[in-house]
>>> print(open('target03.csv').read())   # CSV, C-alpha atoms
chain,number,residue,atom,x,y,z
A,183,MET,CA,0.0,0.0,0.0
A,184,LEU,CA,1.4,3.4,-1.0
A,185,ASP,CA,1.0,6.5,1.1
A,186,VAL,CA,-0.7,9.6,-0.3
A,187,ALA,CA,2.6,11.5,-1.0
A,188,ASN,CA,4.1,8.6,-3.1
A,189,LEU,CA,0.7,8.0,-4.8
A,190,LEU,CA,0.7,11.7,-6.0
A,191,ILE,CA,4.4,11.7,-7.0
A,192,TYR,CA,4.3,8.4,-8.8
A,193,GLY,CA,1.0,9.3,-10.4
A,194,ALA,CA,2.3,12.6,-11.7
A,195,ALA,CA,5.5,11.0,-12.9
A,196,VAL,CA,3.9,8.1,-14.9
A,197,SER,CA,1.2,10.4,-16.3
A,198,ALA,CA,3.8,13.0,-17.5
A,199,ILE,CA,6.1,10.3,-19.0
A,200,SER,CA,3.3,8.7,-21.0
A,201,PHE,CA,1.7,12.0,-22.1
A,202,PHE,CA,4.9,13.9,-23.1
A,203,ALA,CA,6.6,10.9,-24.7
A,204,ILE,CA,3.7,10.5,-27.1
A,205,LEU,CA,3.0,14.2,-27.6
A,206,LEU,CA,6.6,15.0,-28.5
A,207,GLN,CA,7.4,11.8,-30.6
A,208,MET,CA,4.3,11.9,-32.7
A,209,PRO,CA,5.2,14.7,-35.2
A,210,ALA,CA,8.5,12.9,-36.0
A,211,ALA,CA,6.6,9.6,-36.5
A,212,ILE,CA,4.1,11.3,-38.8
A,213,LYS,CA,6.9,12.7,-41.0
A,214,SER,CA,8.8,9.4,-41.0
A,215,LEU,CA,5.8,7.3,-41.9
A,216,ALA,CA,4.8,9.7,-44.6
A,217,ALA,CA,8.3,9.7,-46.1
A,218,LYS,CA,8.3,5.9,-46.2
A,219,GLY,CA,4.9,5.9,-47.9
A,220,ARG,CA,3.3,4.1,-45.0
A,221,ALA,CA,-0.1,5.8,-45.4
A,222,VAL,CA,-3.7,4.9,-46.2
A,223,PRO,CA,-6.5,7.0,-47.8
A,224,ASP,CA,-8.9,8.7,-45.4
A,225,ALA,CA,-12.0,7.3,-47.1
A,226,HIS,CA,-14.6,9.8,-45.8
A,227,LYS,CA,-12.8,13.0,-47.1
A,228,ARG,CA,-13.0,14.8,-50.4
A,229,ASP,CA,-9.8,13.9,-52.4
A,230,ARG,CA,-9.2,10.9,-50.0
A,231,PRO,CA,-6.0,12.4,-48.5
A,232,MET,CA,-3.2,9.9,-47.5
A,233,ILE,CA,-2.9,9.6,-43.7
A,234,PRO,CA,0.3,8.0,-42.1
A,235,ARG,CA,-0.3,4.8,-40.1
A,236,PRO,CA,0.4,3.2,-37.6
A,237,ALA,CA,0.8,5.3,-34.5
A,238,GLY,CA,0.9,2.1,-32.4
A,239,PRO,CA,4.7,2.0,-32.0
A,240,VAL,CA,4.8,5.6,-30.5
A,241,ILE,CA,1.8,4.9,-28.2
A,242,MET,CA,3.5,1.7,-27.1
A,243,ALA,CA,6.8,3.5,-26.4
A,244,GLY,CA,5.1,6.1,-24.3
A,245,ILE,CA,3.1,3.6,-22.3
A,246,ALA,CA,6.0,1.2,-21.9
A,247,ALA,CA,8.3,3.9,-20.6
A,248,ALA,CA,5.7,4.9,-18.0
A,249,GLU,CA,4.9,1.3,-16.9
A,250,ILE,CA,8.6,0.3,-16.7
A,251,ALA,CA,9.3,3.4,-14.5
A,252,LEU,CA,6.3,2.4,-12.3
A,253,TYR,CA,7.4,-1.2,-12.1
A,254,LEU,CA,10.9,-0.1,-11.0
A,255,LEU,CA,9.4,2.1,-8.3
A,256,THR,CA,6.9,-0.4,-7.0
A,257,MET,CA,8.1,-3.9,-8.1
A,258,ASN,CA,4.5,-4.8,-8.3
A,259,THR,CA,3.6,-7.9,-10.4
A,260,ALA,CA,0.3,-6.6,-11.6
A,261,VAL,CA,2.0,-3.6,-13.2
A,262,LEU,CA,4.4,-6.0,-15.0
A,263,ALA,CA,1.5,-8.2,-16.1
A,264,VAL,CA,-0.4,-5.2,-17.6
A,265,LEU,CA,2.7,-4.1,-19.4
A,266,LEU,CA,3.4,-7.5,-20.9
A,267,SER,CA,-0.2,-8.0,-22.0
A,268,THR,CA,-0.1,-4.6,-23.7
A,269,VAL,CA,3.2,-5.4,-25.5
A,270,ILE,CA,1.9,-8.7,-26.8
A,271,ALA,CA,-1.4,-7.1,-28.0
A,272,PHE,CA,0.7,-4.4,-29.7
A,273,ALA,CA,2.9,-7.1,-31.4
A,274,VAL,CA,-0.3,-8.8,-32.7
A,275,GLY,CA,-1.6,-5.5,-34.1
A,276,TYR,CA,1.8,-4.7,-35.7
A,277,VAL,CA,1.8,-8.0,-37.6
A,278,ASP,CA,-1.7,-7.1,-38.9
A,279,ASP,CA,-0.5,-3.6,-39.8
A,280,SER,CA,2.4,-5.0,-41.7
A,281,LYS,CA,0.6,-7.8,-43.5
A,282,VAL,CA,-3.0,-8.5,-44.3
A,283,MET,CA,-4.1,-11.3,-42.0
A,284,PRO,CA,-7.3,-13.4,-42.1
A,285,GLY,CA,-10.3,-12.4,-39.9
A,286,TRP,CA,-9.6,-15.0,-37.2
A,287,PHE,CA,-6.0,-13.8,-36.6
A,288,LYS,CA,-6.6,-11.0,-34.2
A,289,PRO,CA,-9.0,-12.7,-31.8
A,290,VAL,CA,-7.0,-15.9,-31.7
A,291,ALA,CA,-3.5,-14.2,-31.5
A,292,LEU,CA,-4.8,-11.9,-28.7
A,293,LEU,CA,-5.3,-15.0,-26.5
A,294,ALA,CA,-1.5,-14.8,-26.0
A,295,ALA,CA,-1.9,-11.3,-24.5
A,296,ALA,CA,-3.9,-13.0,-21.6
A,297,VAL,CA,-1.0,-15.4,-20.8
A,298,PRO,CA,1.2,-12.9,-18.7
A,299,ILE,CA,-1.8,-12.2,-16.4
A,300,VAL,CA,-2.5,-15.9,-15.8
A,301,VAL,CA,1.2,-17.0,-15.6
A,302,LEU,CA,2.5,-14.2,-13.4
A,303,ASP,CA,-0.5,-14.7,-11.0
A,304,LEU,CA,0.1,-18.5,-10.9
A,305,PHE,CA,3.9,-18.3,-10.3
A,306,VAL,CA,4.3,-14.9,-8.5
A,307,GLY,CA,0.8,-14.0,-7.4
A,308,GLY,CA,-0.9,-10.6,-6.8
A,309,VAL,CA,-2.0,-9.9,-10.3
A,310,HIS,CA,-5.8,-10.7,-9.9
A,311,GLY,CA,-8.1,-12.0,-7.3
A,312,ASP,CA,-10.0,-15.3,-7.5
A,313,SER,CA,-13.3,-13.4,-7.3
A,314,LEU,CA,-15.3,-11.7,-10.1
A,315,ASN,CA,-16.6,-8.3,-9.1
A,316,LEU,CA,-20.3,-8.5,-9.9
A,317,VAL,CA,-21.3,-5.0,-8.7
A,318,PHE,CA,-23.7,-6.3,-6.0
A,319,GLY,CA,-20.9,-8.5,-4.5
A,320,SER,CA,-18.1,-10.8,-5.6
A,321,ALA,CA,-18.3,-14.4,-6.7
A,322,PHE,CA,-15.4,-16.6,-5.6
A,323,ILE,CA,-14.6,-18.6,-8.8
A,324,PRO,CA,-10.9,-19.5,-8.7
A,325,LEU,CA,-11.0,-22.0,-11.6
A,326,LEU,CA,-13.5,-20.2,-13.8
A,327,TYR,CA,-11.7,-16.9,-13.5
A,328,ILE,CA,-8.8,-18.2,-15.7
A,329,PRO,CA,-10.9,-18.9,-18.8
A,330,LEU,CA,-12.6,-15.6,-18.2
A,331,ILE,CA,-9.3,-13.8,-18.6
A,332,PHE,CA,-8.8,-15.5,-22.0
A,333,VAL,CA,-12.2,-14.1,-23.0
A,334,ILE,CA,-11.8,-10.6,-21.6
A,335,ILE,CA,-8.5,-9.6,-23.3
A,336,PRO,CA,-9.3,-10.6,-26.9
A,337,VAL,CA,-12.8,-9.1,-26.6
A,338,ALA,CA,-11.5,-5.8,-25.2
A,339,GLY,CA,-8.8,-5.5,-27.8
A,340,ASN,CA,-11.1,-6.3,-30.7
A,341,THR,CA,-13.9,-4.1,-29.4
A,342,ILE,CA,-11.7,-1.0,-29.5
A,343,ASN,CA,-10.3,-2.1,-32.8
A,344,SER,CA,-13.9,-2.3,-34.3
A,345,ILE,CA,-14.9,1.2,-33.1
A,346,ASP,CA,-11.9,2.7,-34.9
A,347,VAL,CA,-13.9,3.7,-37.9
A,348,LEU,CA,-13.8,7.5,-37.9
A,349,ASN,CA,-11.3,10.2,-37.1
A,350,GLY,CA,-10.7,10.5,-33.3
A,351,VAL,CA,-13.3,8.0,-32.2
A,352,ALA,CA,-11.0,5.2,-30.8
A,353,SER,CA,-8.8,7.6,-28.9
A,354,GLY,CA,-11.7,9.8,-27.7
A,355,PHE,CA,-13.6,6.8,-26.7
A,356,ILE,CA,-10.7,5.3,-24.6
A,357,ILE,CA,-10.3,8.7,-22.8
A,358,ILE,CA,-13.9,8.7,-21.7
A,359,ALA,CA,-14.2,5.0,-20.9
A,360,THR,CA,-11.0,5.1,-18.8
A,361,ILE,CA,-12.2,7.7,-16.4
A,362,PRO,CA,-14.9,5.5,-14.7
A,363,LEU,CA,-12.5,2.6,-14.9
A,364,LEU,CA,-9.9,4.7,-13.0
A,365,ALA,CA,-12.5,5.6,-10.3
A,366,SER,CA,-13.5,1.9,-10.0
A,367,ILE,CA,-9.9,0.7,-9.6
A,368,ALA,CA,-9.2,3.5,-7.0
A,369,ILE,CA,-12.2,2.3,-4.9
A,370,PHE,CA,-12.3,-1.5,-5.5
A,371,GLY,CA,-8.8,-2.2,-6.8
A,372,SER,CA,-5.3,-1.4,-5.6
A,373,HIS,CA,-3.1,1.8,-5.6
A,374,GLU,CA,-0.5,0.2,-7.9
A,375,VAL,CA,-3.1,-0.8,-10.6
A,376,PHE,CA,-4.6,2.7,-10.4
A,377,LEU,CA,-1.2,4.1,-11.1
A,378,ALA,CA,-0.7,1.6,-13.9
A,379,ALA,CA,-4.0,2.8,-15.5
A,380,LEU,CA,-2.9,6.5,-15.6
A,381,PRO,CA,-0.5,6.0,-18.6
A,382,LEU,CA,-3.5,4.6,-20.6
A,383,LEU,CA,-5.5,7.8,-20.0
A,384,PHE,CA,-2.6,10.2,-20.6
A,385,ALA,CA,-1.4,8.2,-23.7
A,386,ALA,CA,-4.9,8.5,-25.2
A,387,LEU,CA,-5.1,12.2,-24.4
A,388,ALA,CA,-1.8,12.9,-26.1
A,389,PHE,CA,-2.7,10.7,-29.1
A,390,TYR,CA,-6.1,12.4,-29.4
A,391,ARG,CA,-4.4,15.7,-30.3
A,392,TYR,CA,-3.2,14.0,-33.6
A,393,HIS,CA,-6.0,11.6,-34.1
A,394,ARG,CA,-9.0,14.0,-33.7
A,395,PHE,CA,-10.9,15.2,-36.8
A,396,PRO,CA,-9.2,15.8,-39.2
A,397,SER,CA,-6.7,13.0,-38.3
A,398,ARG,CA,-3.0,13.6,-38.9
A,399,ILE,CA,-2.2,9.9,-38.1
A,400,PHE,CA,-4.2,6.7,-37.7
A,401,PRO,CA,-3.5,4.3,-34.8
A,402,GLY,CA,-3.5,1.2,-36.9
A,403,ASP,CA,-4.3,-2.2,-35.5
A,404,SER,CA,-1.2,-2.0,-33.3
A,405,GLY,CA,-2.6,1.2,-31.7
A,406,THR,CA,-6.2,0.1,-31.2
A,407,LEU,CA,-5.3,-3.5,-30.0
A,408,LEU,CA,-2.8,-2.3,-27.4
A,409,LEU,CA,-5.3,0.3,-26.1
A,410,GLY,CA,-8.1,-2.2,-25.9
A,411,ALA,CA,-6.0,-5.1,-24.4
A,412,MET,CA,-4.5,-2.7,-21.8
A,413,TYR,CA,-8.0,-1.6,-20.8
A,414,GLY,CA,-9.0,-5.2,-20.4
A,415,ALA,CA,-5.9,-6.1,-18.4
A,416,LEU,CA,-6.5,-3.1,-16.1
A,417,ALA,CA,-10.1,-4.1,-15.5
A,418,ILE,CA,-9.0,-7.6,-14.5
A,419,ALA,CA,-6.1,-6.5,-12.3
A,420,GLY,CA,-8.2,-3.7,-10.8
A,421,SER,CA,-11.2,-5.9,-9.9
A,422,SER,CA,-13.4,-3.8,-12.2
A,423,GLU,CA,-14.5,-6.2,-14.9
A,424,ILE,CA,-18.2,-5.4,-15.1
A,425,ILE,CA,-17.7,-1.6,-14.6
A,426,GLY,CA,-15.1,-1.9,-17.5
A,427,VAL,CA,-17.7,-3.6,-19.7
A,428,ILE,CA,-20.4,-0.9,-18.9
A,429,ALA,CA,-18.1,2.0,-19.8
A,430,LEU,CA,-17.3,0.3,-23.1
A,431,LEU,CA,-21.0,-0.3,-24.0
A,432,PRO,CA,-21.2,1.7,-27.3
A,433,ALA,CA,-18.1,-0.2,-28.6
A,434,VAL,CA,-19.5,-3.5,-27.3
A,435,MET,CA,-22.8,-2.7,-29.0
A,436,ASN,CA,-21.0,-2.0,-32.2
A,437,SER,CA,-19.2,-5.4,-32.1
A,438,PHE,CA,-22.4,-7.2,-31.1
A,439,LEU,CA,-24.4,-5.6,-34.0
A,440,PHE,CA,-21.7,-6.4,-36.5
A,441,LEU,CA,-21.2,-10.0,-35.3
A,442,ALA,CA,-25.0,-10.6,-35.1
A,443,SER,CA,-25.4,-9.4,-38.7
A,444,VAL,CA,-22.5,-11.3,-40.4
A,445,LYS,CA,-22.7,-14.3,-38.0
A,446,ARG,CA,-19.0,-15.1,-38.2
A,447,ILE,CA,-15.6,-13.5,-37.2
A,448,VAL,CA,-14.5,-11.6,-40.3
A,449,GLU,CA,-12.5,-8.4,-41.1
A,450,HIS,CA,-14.6,-5.3,-42.0
A,451,ARG,CA,-12.8,-5.1,-45.3
A,452,GLN,CA,-14.0,-8.6,-46.2
A,453,VAL,CA,-17.7,-7.6,-46.0
A,454,LYS,CA,-19.0,-6.7,-49.5
A,455,ALA,CA,-22.1,-4.8,-48.5
A,456,ARG,CA,-21.0,-1.6,-46.7
A,457,PRO,CA,-23.1,-0.4,-43.7
A,458,THR,CA,-22.9,3.2,-44.8
A,459,ILE,CA,-22.5,5.0,-48.1
A,460,LEU,CA,-20.8,8.4,-48.8
A,461,THR,CA,-23.1,11.0,-50.4
A,462,ASP,CA,-22.0,13.4,-53.1
A,463,ASP,CA,-21.5,16.1,-50.4
A,464,PHE,CA,-19.2,13.7,-48.4
A,465,LYS,CA,-21.8,12.9,-45.7
A,466,LEU,CA,-22.3,9.4,-44.3
A,467,ALA,CA,-25.7,7.9,-45.0
A,468,ALA,CA,-27.2,4.5,-43.9
A,469,SER,CA,-27.0,1.8,-46.5
A,470,THR,CA,-30.4,0.6,-47.7
A,471,ASP,CA,-28.9,-2.8,-48.7
A,472,ARG,CA,-30.5,-5.4,-46.6
A,473,ALA,CA,-27.3,-7.5,-46.7
A,474,ALA,CA,-25.3,-4.7,-45.2
A,475,PRO,CA,-24.2,-5.3,-41.6
A,476,ALA,CA,-25.6,-3.3,-38.7
A,477,THR,CA,-23.1,-1.1,-37.0
A,478,LEU,CA,-23.3,1.8,-34.5
A,479,VAL,CA,-22.5,4.3,-37.3
A,480,ARG,CA,-25.2,2.9,-39.5
A,481,LEU,CA,-27.8,3.4,-36.7
A,482,ILE,CA,-26.6,6.9,-36.0
A,483,VAL,CA,-27.0,8.0,-39.6
A,484,ALA,CA,-30.3,6.1,-40.0
A,485,ASP,CA,-32.2,9.4,-39.2
A,486,GLY,CA,-30.4,11.2,-42.1
A,487,PRO,CA,-26.9,11.8,-43.5
A,488,LEU,CA,-24.3,13.4,-41.3
A,489,GLY,CA,-20.7,14.6,-41.7
A,490,GLU,CA,-17.9,12.5,-40.3
A,491,LYS,CA,-17.2,15.0,-37.5
A,492,GLU,CA,-20.8,15.0,-36.4
A,493,VAL,CA,-21.0,11.2,-36.3
A,494,GLY,CA,-17.8,11.1,-34.3
A,495,TYR,CA,-19.2,13.6,-31.9
A,496,LYS,CA,-22.4,11.6,-31.4
A,497,ILE,CA,-20.3,8.4,-30.6
A,498,ILE,CA,-18.3,10.4,-28.0
A,499,LYS,CA,-21.6,11.7,-26.5
A,500,LEU,CA,-22.8,8.1,-26.2
A,501,ALA,CA,-19.5,7.1,-24.6
A,502,GLY,CA,-20.2,10.0,-22.1
A,503,PHE,CA,-23.6,8.5,-21.4
A,504,THR,CA,-22.3,5.0,-20.7
A,505,ALA,CA,-19.5,6.5,-18.5
A,506,LEU,CA,-22.3,7.9,-16.4
A,507,LEU,CA,-24.0,4.5,-16.3
A,508,ALA,CA,-20.6,3.1,-15.2
A,509,PHE,CA,-20.4,5.7,-12.4
A,510,ALA,CA,-24.0,4.8,-11.4
A,511,SER,CA,-22.8,1.1,-11.1
A,512,ILE,CA,-19.8,2.2,-9.0
A,513,ALA,CA,-22.2,4.1,-6.7
A,514,ILE,CA,-24.5,1.0,-6.5
A,515,GLN,CA,-21.5,-1.2,-5.6
A,516,TYR,CA,-20.2,1.4,-3.0
A,517,LEU,CA,-23.6,1.5,-1.3
A,518,VAL,CA,-23.9,-2.3,-1.4
A,519,MET,CA,-20.4,-2.6,0.2
A,520,GLY,CA,-21.4,-0.1,2.8
A,521,LEU,CA,-24.6,-1.9,3.7
A,522,GLY,CA,-22.7,-5.2,3.8
B,231,MET,CA,-35.5,10.4,-31.8
B,232,GLY,CA,-31.7,10.4,-32.8
B,233,LEU,CA,-29.3,9.7,-30.0
B,234,ALA,CA,-32.0,9.3,-27.4
B,235,GLY,CA,-33.1,6.0,-28.9
B,236,LEU,CA,-29.6,4.7,-28.9
B,237,ALA,CA,-29.0,5.9,-25.3
B,238,LEU,CA,-32.2,4.1,-24.3
B,239,PHE,CA,-30.9,0.9,-26.0
B,240,MET,CA,-27.7,1.2,-24.0
B,241,ALA,CA,-29.6,1.8,-20.8
B,242,GLY,CA,-31.5,-1.4,-21.6
B,243,MET,CA,-28.2,-3.2,-22.1
B,244,TRP,CA,-26.9,-1.9,-18.8
B,245,ALA,CA,-30.0,-3.1,-16.9
B,246,MET,CA,-29.7,-6.5,-18.5
B,247,ILE,CA,-26.0,-6.8,-17.5
B,248,LEU,CA,-26.8,-5.8,-13.9
B,249,ALA,CA,-29.7,-8.4,-13.9
B,250,VAL,CA,-27.3,-11.1,-15.1
B,251,ALA,CA,-24.7,-10.0,-12.5
B,252,ALA,CA,-27.3,-10.2,-9.7
B,253,PHE,CA,-28.4,-13.6,-11.0
B,254,LEU,CA,-24.8,-14.9,-11.0
B,255,LEU,CA,-24.3,-13.6,-7.5
B,256,ILE,CA,-27.5,-15.2,-6.1
B,257,VAL,CA,-27.3,-18.5,-8.0
B,258,VAL,CA,-23.7,-19.3,-9.0
B,259,ALA,CA,-21.6,-17.9,-6.2
B,260,PRO,CA,-23.2,-19.9,-3.3
B,261,LEU,CA,-22.8,-23.2,-5.2
B,262,GLU,CA,-19.2,-23.4,-3.7
B,263,ALA,CA,-20.7,-23.8,-0.2
B,264,ILE,CA,-23.9,-25.7,-1.2
B,265,LEU,CA,-22.4,-28.5,-3.3
B,266,SER,CA,-20.2,-31.0,-1.4
B,267,VAL,CA,-18.3,-32.3,-4.5
B,268,GLY,CA,-14.8,-31.5,-5.7
B,269,ARG,CA,-13.8,-28.0,-6.8
B,270,LEU,CA,-13.5,-29.0,-10.4
B,271,ALA,CA,-17.1,-30.3,-10.5
B,272,VAL,CA,-18.4,-27.2,-8.7
B,273,SER,CA,-16.6,-25.0,-11.3
B,274,ALA,CA,-18.1,-27.1,-14.1
B,275,VAL,CA,-21.6,-26.5,-12.8
B,276,GLN,CA,-20.9,-22.8,-12.2
B,277,GLY,CA,-19.5,-22.5,-15.7
B,278,ALA,CA,-22.5,-24.2,-17.3
B,279,ILE,CA,-25.0,-21.9,-15.4
B,280,ALA,CA,-22.9,-18.8,-16.2
B,281,ILE,CA,-22.7,-19.7,-19.9
B,282,THR,CA,-26.5,-20.3,-20.0
B,283,ALA,CA,-27.1,-16.9,-18.3
B,284,LEU,CA,-24.8,-15.2,-20.9
B,285,LEU,CA,-26.6,-16.9,-23.8
B,286,ALA,CA,-29.9,-15.7,-22.3
B,287,LEU,CA,-28.4,-12.2,-22.2
B,288,VAL,CA,-27.2,-12.4,-25.8
B,289,LEU,CA,-30.6,-13.7,-26.9
B,290,GLY,CA,-32.3,-10.9,-25.1
B,291,LEU,CA,-30.0,-8.4,-26.7
B,292,SER,CA,-30.6,-9.9,-30.1
B,293,ARG,CA,-34.3,-9.5,-29.7
B,294,MET,CA,-33.9,-5.9,-28.5
B,295,LYS,CA,-31.6,-5.3,-31.5
B,296,ARG,CA,-34.1,-6.8,-34.0
B,297,ILE,CA,-37.0,-4.6,-32.7
B,298,TYR,CA,-34.7,-1.5,-32.7
B,299,MET,CA,-33.3,-2.2,-36.1
B,300,HIS,CA,-36.8,-2.7,-37.5
B,301,ARG,CA,-37.9,0.7,-36.2
B,302,LYS,CA,-34.8,2.5,-37.4
B,303,LEU,CA,-33.9,0.9,-40.7
B,304,GLY,CA,-37.3,-0.7,-41.7
>>> encode(input="target03.csv", output="C-alpha cells")
Amino acid sequence: MLDVANLLIYGAAVSAISFFAILLQMPAAIKSLAAKGRAVPDAHKRDRPMIPRPAGPVIMAGIAAAEIALYLLTMNTAVLAVLLSTVIAFAVGYVDDSKVMPGWFKPVALLAAAVPIVVLDLFVGGVHGDSLNLVFGSAFIPLLYIPLIFVIIPVAGNTINSIDVLNGVASGFIIIATIPLLASIAIFGSHEVFLAALPLLFAALAFYRYHRFPSRIFPGDSGTLLLGAMYGALAIAGSSEIIGVIALLPAVMNSFLFLASVKRIVEHRQVKARPTILTDDFKLAASTDRAAPATLVRLIVADGPLGEKEVGYKIIKLAGFTALLAFASIAIQYLVMGLG
Amino acid sequence: MGLAGLALFMAGMWAMILAVAAFLLIVVAPLEAILSVGRLAVSAVQGAIAITALLALVLGLSRMKRIYMHRKLG
C-alpha cells in the first residue's frame, strides 16, 4: 500500500512520461511514416488524403516507458502483467498492420496477451483475485476466472479495434471509458493498478491531439489493440470487470451488432455490402442494402446523412452517457459494500 | 429520436448486464458452499450456469436489436 505522497508523486510521474513521450514523438513519427509511404487513404474525405499509419509504436513506447518506471518504483507484479499483456497485443496488431491477415488472426492471437496475467499470477501472485466483481458483490470462482481472462483480453482488444472507424473516435472513446475505470480501480482495486491505469488515459489524451478530426495519423491495429487489451488487463487487475464492460457499452454494442449481422468472425474489409454510403457532399448515410451489416455508425446516420465530424461527436456523446452508467454502477457497488 | 433512442438501447443493455450480474451472485456464487463435491465439479456446474445466463443475455440483446433495427432501418 502506497502513502498519499508517493501516490501523488508516482501518479504525476507516470502520467507525464506517457503524455509527453507520445505528444513529442508523434510529429516525427508522422513525418517518418509519410516519407516511407506508409499511409492509407482517409475514405470519408474529399480527395481521399493519404494519412500516415500506424501510430501504435509511438503509443507503445510512451506507455512502456511509464509502466517500466512504475514497475521499478513499486516492483508490483500486476504492473508487469499489464505491461506484458499490452506489449503482446501491440505485437499482434503490428503484424496485422504490416501484413493483411485473415479475420480469425486478431481474436486468436490476442489469447497470447492474456498469458502474462495468468502465468504471473500463478507463479508470483498478486495480479488478480479469484473473485469476479459483480457490482452487487463478488463471486469466488478461482478456476472459472482463468478462462474468463482469456475471453476478456481478446474481446476488449477487438472491441476498441472495431470502433476505430472515424477520425478521433477510438482515442476519444478510450479517454472517456478510462475515467470511470480509474474511479472503480481506485475504490475497489489497488493503488498500484490505479497508477498503472494512468498512462493509458494520458497516452490516449496525447494521441487524441493528432487523431482527432481531421486526423494527422491513424492508430492502426497495433494502436487500437494495445489500447483495448491494456484496458481489459487493467479491468482484470483492478477488480473492475463489469464496470469496465459498462463503460465500453457503445463499442460492445457496435461489435455485437456487427457479429449478429454477419454471423462469423470476419474483417470489416471482407464484408462486401457496406453499412454506410458516402453521399455526393461527403456525408455518411445509412445503406439501404438489406445485406449490409448493422453497425453503430449505420444506426446513428439512420435518421439522415451526417458529416464524419458530427457522427464522431455523437459516438463520443454516447460514450459519455455510458460512462455515467458506469459511475452509477460504481455508486451502487459502493452502497452495497457499505450496507454489507 | 436520434441519439435518445440509442441511449435508451444502452440503458436497456446496462439493466440486462446488472440483472445477469445479480443472478450470477445469487445463484452461481453460493454453489461453492452448497455442493459438497470437488472444486472441479463445482466449477463445471458454475461455468454451465454462467454460460447459460450469458446466452440468455445475448438472446435478449438480439431480440432488442431486432426490434430497434426494424424501427430504425425498416
>>> closest_residue(input="target03.csv", among="B:Trp244, B:Thr282, B:Ala263, B:Arg293", to="chain A", atoms="only C-alpha atoms")
B:Trp244
>>> residues_around(input="target03.csv", residues="range 458-461 of chain A", least_positions_apart="4", cutoff="10 Å", atoms="all atoms listed in the file", output="JSON, numbers by chain")
{"A": [225, 226, 227, 465, 466, 467, 468, 469, 470, 471, 474, 475, 476, 477, 479, 480, 481, 483, 484, 487, 488, 489, 490]}
>>> closest_atom_pairs(input="target03.csv", of="range 370-449 of chain A", to="range 320-331 of chain A", cutoff="12 Å", atoms="only C-alpha atoms", output="CSV")
residue,atom,partner,partner_atom,distance
A:Phe370,CA,A:Ser320,CA,11.0
A:Ala411,CA,A:Ile331,CA,11.0
A:Gly414,CA,A:Ile331,CA,8.8
A:Ala415,CA,A:Ile331,CA,8.4
A:Leu416,CA,A:Ile331,CA,11.3
A:Ala417,CA,A:Ile331,CA,10.2
A:Ile418,CA,A:Ile331,CA,7.4
A:Ala419,CA,A:Ile331,CA,10.2
A:Ser421,CA,A:Ser320,CA,9.5
A:Ser422,CA,A:Ser320,CA,10.7
A:Glu423,CA,A:Ile331,CA,9.9
A:Ile424,CA,A:Ser320,CA,10.9
>>> write_last_selection(input="target03.csv", atoms="C-alpha atoms", output="tab-separated table (two decimals), in the frame of the given file")
chain	number	residue	atom	x	y	z
A	370	PHE	CA	-12.30	-1.50	-5.50
A	411	ALA	CA	-6.00	-5.10	-24.40
A	414	GLY	CA	-9.00	-5.20	-20.40
A	415	ALA	CA	-5.90	-6.10	-18.40
A	416	LEU	CA	-6.50	-3.10	-16.10
A	417	ALA	CA	-10.10	-4.10	-15.50
A	418	ILE	CA	-9.00	-7.60	-14.50
A	419	ALA	CA	-6.10	-6.50	-12.30
A	421	SER	CA	-11.20	-5.90	-9.90
A	422	SER	CA	-13.40	-3.80	-12.20
A	423	GLU	CA	-14.50	-6.20	-14.90
A	424	ILE	CA	-18.20	-5.40	-15.10
>>> interface_residues(input="target03.csv", of="chain B", to="chain A", cutoff="10 Å", atoms="only C-alpha atoms", output="tab-separated table (two decimals) with C-alpha atoms, in the frame of the given file")
chain	number	residue	atom	x	y	z
B	231	MET	CA	-35.50	10.40	-31.80
B	232	GLY	CA	-31.70	10.40	-32.80
B	233	LEU	CA	-29.30	9.70	-30.00
B	234	ALA	CA	-32.00	9.30	-27.40
B	235	GLY	CA	-33.10	6.00	-28.90
B	236	LEU	CA	-29.60	4.70	-28.90
B	237	ALA	CA	-29.00	5.90	-25.30
B	239	PHE	CA	-30.90	0.90	-26.00
B	240	MET	CA	-27.70	1.20	-24.00
B	241	ALA	CA	-29.60	1.80	-20.80
B	243	MET	CA	-28.20	-3.20	-22.10
B	244	TRP	CA	-26.90	-1.90	-18.80
B	245	ALA	CA	-30.00	-3.10	-16.90
B	247	ILE	CA	-26.00	-6.80	-17.50
B	248	LEU	CA	-26.80	-5.80	-13.90
B	250	VAL	CA	-27.30	-11.10	-15.10
B	251	ALA	CA	-24.70	-10.00	-12.50
B	252	ALA	CA	-27.30	-10.20	-9.70
B	253	PHE	CA	-28.40	-13.60	-11.00
B	254	LEU	CA	-24.80	-14.90	-11.00
B	255	LEU	CA	-24.30	-13.60	-7.50
B	256	ILE	CA	-27.50	-15.20	-6.10
B	257	VAL	CA	-27.30	-18.50	-8.00
B	258	VAL	CA	-23.70	-19.30	-9.00
B	259	ALA	CA	-21.60	-17.90	-6.20
B	260	PRO	CA	-23.20	-19.90	-3.30
B	261	LEU	CA	-22.80	-23.20	-5.20
B	262	GLU	CA	-19.20	-23.40	-3.70
B	269	ARG	CA	-13.80	-28.00	-6.80
B	270	LEU	CA	-13.50	-29.00	-10.40
B	272	VAL	CA	-18.40	-27.20	-8.70
B	273	SER	CA	-16.60	-25.00	-11.30
B	274	ALA	CA	-18.10	-27.10	-14.10
B	276	GLN	CA	-20.90	-22.80	-12.20
B	277	GLY	CA	-19.50	-22.50	-15.70
B	280	ALA	CA	-22.90	-18.80	-16.20
B	288	VAL	CA	-27.20	-12.40	-25.80
B	291	LEU	CA	-30.00	-8.40	-26.70
B	292	SER	CA	-30.60	-9.90	-30.10
B	295	LYS	CA	-31.60	-5.30	-31.50
B	296	ARG	CA	-34.10	-6.80	-34.00
B	298	TYR	CA	-34.70	-1.50	-32.70
B	299	MET	CA	-33.30	-2.20	-36.10
B	302	LYS	CA	-34.80	2.50	-37.40
B	303	LEU	CA	-33.90	0.90	-40.70
B	304	GLY	CA	-37.30	-0.70	-41.70
>>> residues_near_point(input="target03.csv", point="(-6.1, 3.9, -10.4)", cutoff="7 Å", atoms="all atoms listed in the file", output="MDAnalysis selection string")
chainID A and resid 364:365 367:368 373 375:380
>>> atom_distance(input="target03.csv", atom1="CA of Pro236 in chain A", atom2="CA of Ala338 in chain A")
19.4 Å
>>> residues_around(input="target03.csv", residues="Arg220 in chain A", least_positions_apart="3", cutoff="12 Å", atoms="all atoms listed in the file", output="list in words")
Ala211, Ile212, Lys213, Ser214, Leu215, Ala216, Ala217, Pro223, Met232, Ile233, Pro234, Arg235, Pro236, Ala237, Asp279, Ser280, Ile399, Phe400 and Gly402 of chain A
